[in-house]
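Shown next: upload20.pdb, given as PDB, C-alpha atoms.
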```pdb
ATOM      1  CA  MET A 256      86.365 141.470 171.789
ATOM      2  CA  MET A 257      82.587 141.422 171.440
ATOM      3  CA  GLN A 258      81.092 142.858 168.281
ATOM      4  CA  VAL A 259      77.737 144.637 168.476
ATOM      5  CA  LEU A 260      75.666 145.036 165.347
ATOM      6  CA  ILE A 261      73.864 148.357 165.079
ATOM      7  CA  GLN A 262      71.218 148.812 162.451
ATOM      8  CA  GLU A 263      69.791 152.162 161.391
ATOM      9  CA  THR A 264      66.008 151.844 161.349
ATOM     10  CA  GLN A 265      63.584 153.392 158.913
ATOM     11  CA  GLY A 266      62.319 155.574 161.756
ATOM     12  CA  GLY A 267      58.670 155.708 162.516
ATOM     13  CA  PRO A 268      56.794 156.434 165.695
ATOM     14  CA  LEU A 269      57.511 154.883 169.070
ATOM     15  CA  VAL A 270      54.187 154.522 170.869
ATOM     16  CA  ASN A 271      53.268 153.761 174.454
ATOM     17  CA  LYS A 272      50.540 151.332 175.561
ATOM     18  CA  TYR A 273      47.918 154.084 175.102
ATOM     19  CA  GLY A 274      48.832 154.630 171.447
ATOM     20  CA  GLU A 275      50.469 157.993 172.142
ATOM     21  CA  ILE A 276      53.601 158.867 170.175
ATOM     22  CA  VAL A 277      56.475 159.211 172.654
ATOM     23  CA  GLY A 278      59.412 159.250 170.233
ATOM     24  CA  ILE A 279      60.836 158.525 166.808
ATOM     25  CA  ASN A 280      62.778 155.283 166.383
ATOM     26  CA  THR A 281      66.329 155.819 165.134
ATOM     27  CA  LEU A 282      68.691 152.893 165.860
ATOM     28  CA  LYS A 283      68.431 149.272 166.888
ATOM     29  CA  ILE A 284      71.074 146.938 168.314
ATOM     30  CA  THR A 285      70.349 143.662 166.550
ATOM     31  CA  ASP A 286      72.310 141.373 168.897
ATOM     32  CA  GLY A 287      70.913 139.965 172.117
ATOM     33  CA  GLU A 288      67.894 141.847 173.379
ATOM     34  CA  GLU A 289      67.483 143.934 170.206
ATOM     35  CA  MET A 290      67.582 147.161 172.165
ATOM     36  CA  GLY A 291      66.264 150.230 170.330
ATOM     37  CA  PHE A 292      66.935 153.941 170.573
ATOM     38  CA  ALA A 293      64.561 156.793 169.883
ATOM     39  CA  ILE A 294      64.460 160.566 169.903
ATOM     40  CA  PRO A 295      61.953 161.693 172.585
ATOM     41  CA  THR A 296      58.891 163.590 171.371
ATOM     42  CA  LYS A 297      59.884 166.711 173.285
ATOM     43  CA  SER A 298      63.175 166.878 171.392
ATOM     44  CA  PHE A 299      61.758 166.753 167.893
ATOM     45  CA  LEU A 300      58.524 168.757 168.227
ATOM     46  CA  SER A 301      60.367 172.069 168.546
ATOM     47  CA  ILE A 302      62.478 171.237 165.498
ATOM     48  CA  VAL A 303      59.421 170.242 163.437
ATOM     49  CA  GLN A 304      57.710 173.522 164.359
ATOM     50  CA  GLN A 305      60.784 175.548 163.366
ATOM     51  CA  VAL A 306      61.180 173.672 160.067
ATOM     52  CA  TYR A 307      57.487 174.259 159.336
ATOM     53  CA  LYS A 308      57.920 177.967 160.057
ATOM     54  CA  LEU A 309      61.320 178.538 158.380
ATOM     55  CA  GLY A 310      61.422 175.805 155.733
ATOM     56  CA  SER A 311      64.790 174.990 154.212
ATOM     57  CA  SER A 312      66.412 178.000 155.876
ATOM     58  CA  TYR A 313      66.154 176.278 159.289
ATOM     59  CA  GLN A 314      69.476 175.714 161.029
ATOM     60  CA  THR A 315      69.859 173.682 164.203
ATOM     61  CA  PRO A 316      71.101 175.992 166.977
ATOM     62  CA  TYR A 317      73.754 174.843 169.418
ATOM     63  CA  ILE A 318      75.848 176.129 172.311
ATOM     64  CA  CYS A 319      78.490 173.352 172.249
ATOM     65  CA  VAL A 320      78.290 172.432 175.906
ATOM     66  CA  PHE A 321      78.541 168.835 177.080
ATOM     67  CA  GLY A 322      76.397 168.337 180.139
ATOM     68  CA  TYR A 323      73.971 166.010 181.798
ATOM     69  CA  ASP A 324      71.058 166.062 184.207
ATOM     70  CA  THR A 325      71.920 167.052 187.754
ATOM     71  CA  SER A 326      70.483 163.738 188.936
ATOM     72  CA  ILE A 327      73.429 162.042 187.200
ATOM     73  CA  ALA A 328      75.903 164.654 188.453
ATOM     74  CA  ASN A 329      74.468 164.134 191.939
ATOM     75  CA  TYR A 330      75.224 160.411 191.697
ATOM     76  CA  TYR A 331      78.894 161.222 190.988
ATOM     77  CA  ASP A 332      79.030 163.787 193.837
ATOM     78  CA  LYS A 333      79.453 166.686 191.400
ATOM     79  CA  THR A 334      76.482 168.589 192.866
ATOM     80  CA  ASP A 335      73.657 168.150 195.336
ATOM     81  CA  LEU A 336      71.117 169.937 193.132
ATOM     82  CA  THR A 337      68.118 168.014 191.863
ATOM     83  CA  SER A 338      67.324 170.042 188.745
ATOM     84  CA  GLY A 339      69.194 171.770 185.966
ATOM     85  CA  VAL A 340      71.949 170.784 183.553
ATOM     86  CA  TYR A 341      75.425 170.180 184.957
ATOM     87  CA  VAL A 342      78.127 171.494 182.590
ATOM     88  CA  LEU A 343      80.880 168.911 182.273
ATOM     89  CA  ASP A 344      82.818 170.335 179.316
ATOM     90  CA  ILE A 345      82.716 173.275 176.914
ATOM     91  CA  ALA A 346      84.278 173.427 173.462
ATOM     92  CA  GLU A 347      86.790 176.222 173.040
ATOM     93  CA  ASP A 348      85.558 179.163 170.926
ATOM     94  CA  SER A 349      81.989 177.850 171.151
ATOM     95  CA  PRO A 350      78.968 179.960 172.139
ATOM     96  CA  GLY A 351      79.121 178.423 175.627
ATOM     97  CA  PHE A 352      82.809 179.266 175.992
ATOM     98  CA  ILE A 353      82.390 182.823 174.703
ATOM     99  CA  SER A 354      79.455 183.432 177.076
ATOM    100  CA  GLY A 355      81.631 182.628 180.086
ATOM    101  CA  LEU A 356      80.141 179.266 181.055
ATOM    102  CA  LYS A 357      82.510 177.148 183.120
ATOM    103  CA  GLU A 358      82.823 173.469 183.934
ATOM    104  CA  GLY A 359      80.770 172.734 187.036
ATOM    105  CA  ASP A 360      78.117 175.370 186.305
ATOM    106  CA  VAL A 361      74.508 174.243 186.531
ATOM    107  CA  ILE A 362      72.180 175.801 183.954
ATOM    108  CA  SER A 363      68.864 176.421 185.699
ATOM    109  CA  GLU A 364      67.061 178.909 183.415
ATOM    110  CA  VAL A 365      67.089 180.197 179.857
ATOM    111  CA  ASN A 366      65.378 183.563 179.331
ATOM    112  CA  GLY A 367      63.683 183.066 182.696
ATOM    113  CA  GLU A 368      62.303 179.645 181.692
ATOM    114  CA  TYR A 369      62.964 176.768 184.100
ATOM    115  CA  VAL A 370      65.464 174.116 182.966
ATOM    116  CA  GLY A 371      64.928 170.871 184.861
ATOM    117  CA  ASN A 372      67.055 168.593 182.687
ATOM    118  CA  VAL A 373      68.833 168.218 179.349
ATOM    119  CA  LEU A 374      65.586 167.651 177.438
ATOM    120  CA  ASP A 375      64.226 170.949 178.770
ATOM    121  CA  LEU A 376      67.394 172.750 177.666
ATOM    122  CA  ARG A 377      67.260 171.165 174.202
ATOM    123  CA  ASP A 378      63.608 172.064 173.804
ATOM    124  CA  ILE A 379      64.254 175.705 174.690
ATOM    125  CA  LEU A 380      67.271 175.937 172.383
ATOM    126  CA  PHE A 381      65.419 174.340 169.466
ATOM    127  CA  ARG A 382      62.529 176.812 169.847
ATOM    128  CA  ASN A 383      64.977 179.621 169.118
ATOM    129  CA  ASN A 384      66.849 180.552 165.971
ATOM    130  CA  CYS A 385      70.536 180.736 165.251
ATOM    131  CA  TYR A 386      72.158 184.077 166.045
ATOM    132  CA  GLU A 387      69.537 184.881 168.699
ATOM    133  CA  GLN A 388      70.848 185.962 172.077
ATOM    134  CA  LEU A 389      69.563 184.154 175.158
ATOM    135  CA  GLU A 390      70.137 184.853 178.838
ATOM    136  CA  LEU A 391      71.242 181.864 180.900
ATOM    137  CA  THR A 392      70.975 181.622 184.658
ATOM    138  CA  VAL A 393      73.583 179.304 186.106
ATOM    139  CA  LEU A 394      74.485 178.302 189.607
ATOM    140  CA  ARG A 395      78.223 178.622 190.208
ATOM    141  CA  ASN A 396      79.828 178.059 193.608
ATOM    142  CA  GLY A 397      76.469 178.476 195.352
ATOM    143  CA  LYS A 398      75.579 181.774 193.660
ATOM    144  CA  ASN A 399      73.340 182.597 190.711
ATOM    145  CA  TYR A 400      75.175 184.017 187.725
ATOM    146  CA  ARG A 401      73.670 185.349 184.500
ATOM    147  CA  CYS A 402      75.335 185.328 181.111
ATOM    148  CA  ASN A 403      74.269 186.040 177.558
ATOM    149  CA  ILE A 404      74.829 183.478 174.854
ATOM    150  CA  VAL A 405      74.385 183.769 171.089
ATOM    151  CA  LEU A 406      73.198 180.597 169.372
ATOM    152  CA  ARG A 407      75.226 179.378 166.405
ATOM    153  CA  PRO A 408      74.201 176.994 163.636
ATOM    154  CA  HIS A 409      75.300 173.433 164.294
ATOM    155  CA  PRO A 410      78.021 172.658 161.741
ATOM    156  CA  VAL A 411      76.745 169.152 160.957
ATOM    157  CA  THR A 412      72.972 168.949 161.288
ATOM    158  CA  ASN A 413      71.628 171.759 159.159
ATOM    159  CA  ILE A 414      68.651 170.922 156.975
ATOM    160  CA  THR A 415      69.027 171.557 153.252
TER
END
```

Representation of the structure as structure tokens:
Amino acid sequence: MMQVLIQETQGGPLVNKYGEIVGINTLKITDGEEMGFAIPTKSFLSIVQQVYKLGSSYQTPYICVFGYDTSIANYYDKTDLTSGVYVLDIAEDSPGFISGLKEGDVISEVNGEYVGNVLDLRDILFRNNCYEQLELTVLRNGKNYRCNIVLRPHPVTNIT
């Protein structure tokens, strides 16, 4: 069995060849190629703005849906759509479950805002506060379906 050493980094910016910040470094695999992982800029900017606005009362909202980009779902013949978030699983008693989301749904809009992929969905969610109600547009069995969802605080990642 091969052992992989993972090292938590001190963070810091991940920059492209133009000096633009494109992410925040988080983890590094120290074996072999020393592959690194980072949080994309789009994912953390909304959180930073909310923390700036709300301070220590900020709570990370979540809907508890496991999904991935439709481009990945397309590869596995789950859908032929080219945009949106394919819902693979939903935690019982979660906001997603209560709202009526089902496995196989494709989330295409939140409050009328286009959702092209998981990063878009995360960005929209993180720009909203816990206990806010959002309207999702999903494609289910070839038809658009709308449902309301109330964001809950993530049980693990709240800022204190």

| remark: Across A:Cys402, A:Leu269, A:Ile318, A:Val277, the smallest distance to Cys385 of chain A, with all atoms listed in the file counted, is shown by A:Ile318

Test item: residues at most 7 Å from Ser298 of chain A, only C-alpha atoms, excluding those fewer than 6 positions along its chain, as a tab-separated table (two decimals) with C-alpha atoms, in the frame of the given file:
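Result file follows (selection_8.tsv):
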```
chain	number	residue	atom	x	y	z
A	374	LEU	CA	65.59	167.65	177.44
A	377	ARG	CA	67.26	171.16	174.20
A	378	ASP	CA	63.61	172.06	173.80
```

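Atom to atom, atom CA of Asn271 of chain A and atom CA of Val373 of chain A stand 21.8 Å apart.
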
| Result set of the PyMOL selection byres ((chain A and resi 314) around 12) on the coordinates above, as a ChimeraX atom specification | /A:302-303,305-306,308-313,315-317,380-387,406-415

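Across the model, the gap from atom CA of Thr281 of chain A to atom CA of Ser338 of chain A is 27.6 Å.
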
| request: Tell me which residues the PyMOL selection byres ((chain A and resi 389) around 8) grabs here, as a ChimeraX atom specification. | output: /A:365-366,387-388,390-391,403-406

| request: Enumerate, as a VMD selection string, the residues matched when the PyMOL selection byres ((chain A and resi 393) around 7) is run on the file above. | output: chain A and resid 360 to 363 391 to 392 394 to 395 399 to 401

Dump C-alpha atoms for the selected residues as a compact mmCIF listing (two decimals), keeping the file's coordinate frame?
```
# COMPACT_ATOMS: atom_id res chain seq x y z
CA ASP A 360 78.12 175.37 186.30
CA VAL A 361 74.51 174.24 186.53
CA ILE A 362 72.18 175.80 183.95
CA SER A 363 68.86 176.42 185.70
CA LEU A 391 71.24 181.86 180.90
CA THR A 392 70.97 181.62 184.66
CA LEU A 394 74.48 178.30 189.61
CA ARG A 395 78.22 178.62 190.21
CA ASN A 399 73.34 182.60 190.71
CA TYR A 400 75.18 184.02 187.72
CA ARG A 401 73.67 185.35 184.50
```

| task | Would you mind reading off the distance between atom CA of Gly266 of chain A and atom CA of Ile279 of chain A, one decimal, in Å? | result | 6.0 Å

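Residue nearest Thr296 of chain A within the list A:Tyr323, A:Ile379, A:Val370, A:Pro268: A:Pro268 [criterion: smallest interatomic distance, only C-alpha atoms].
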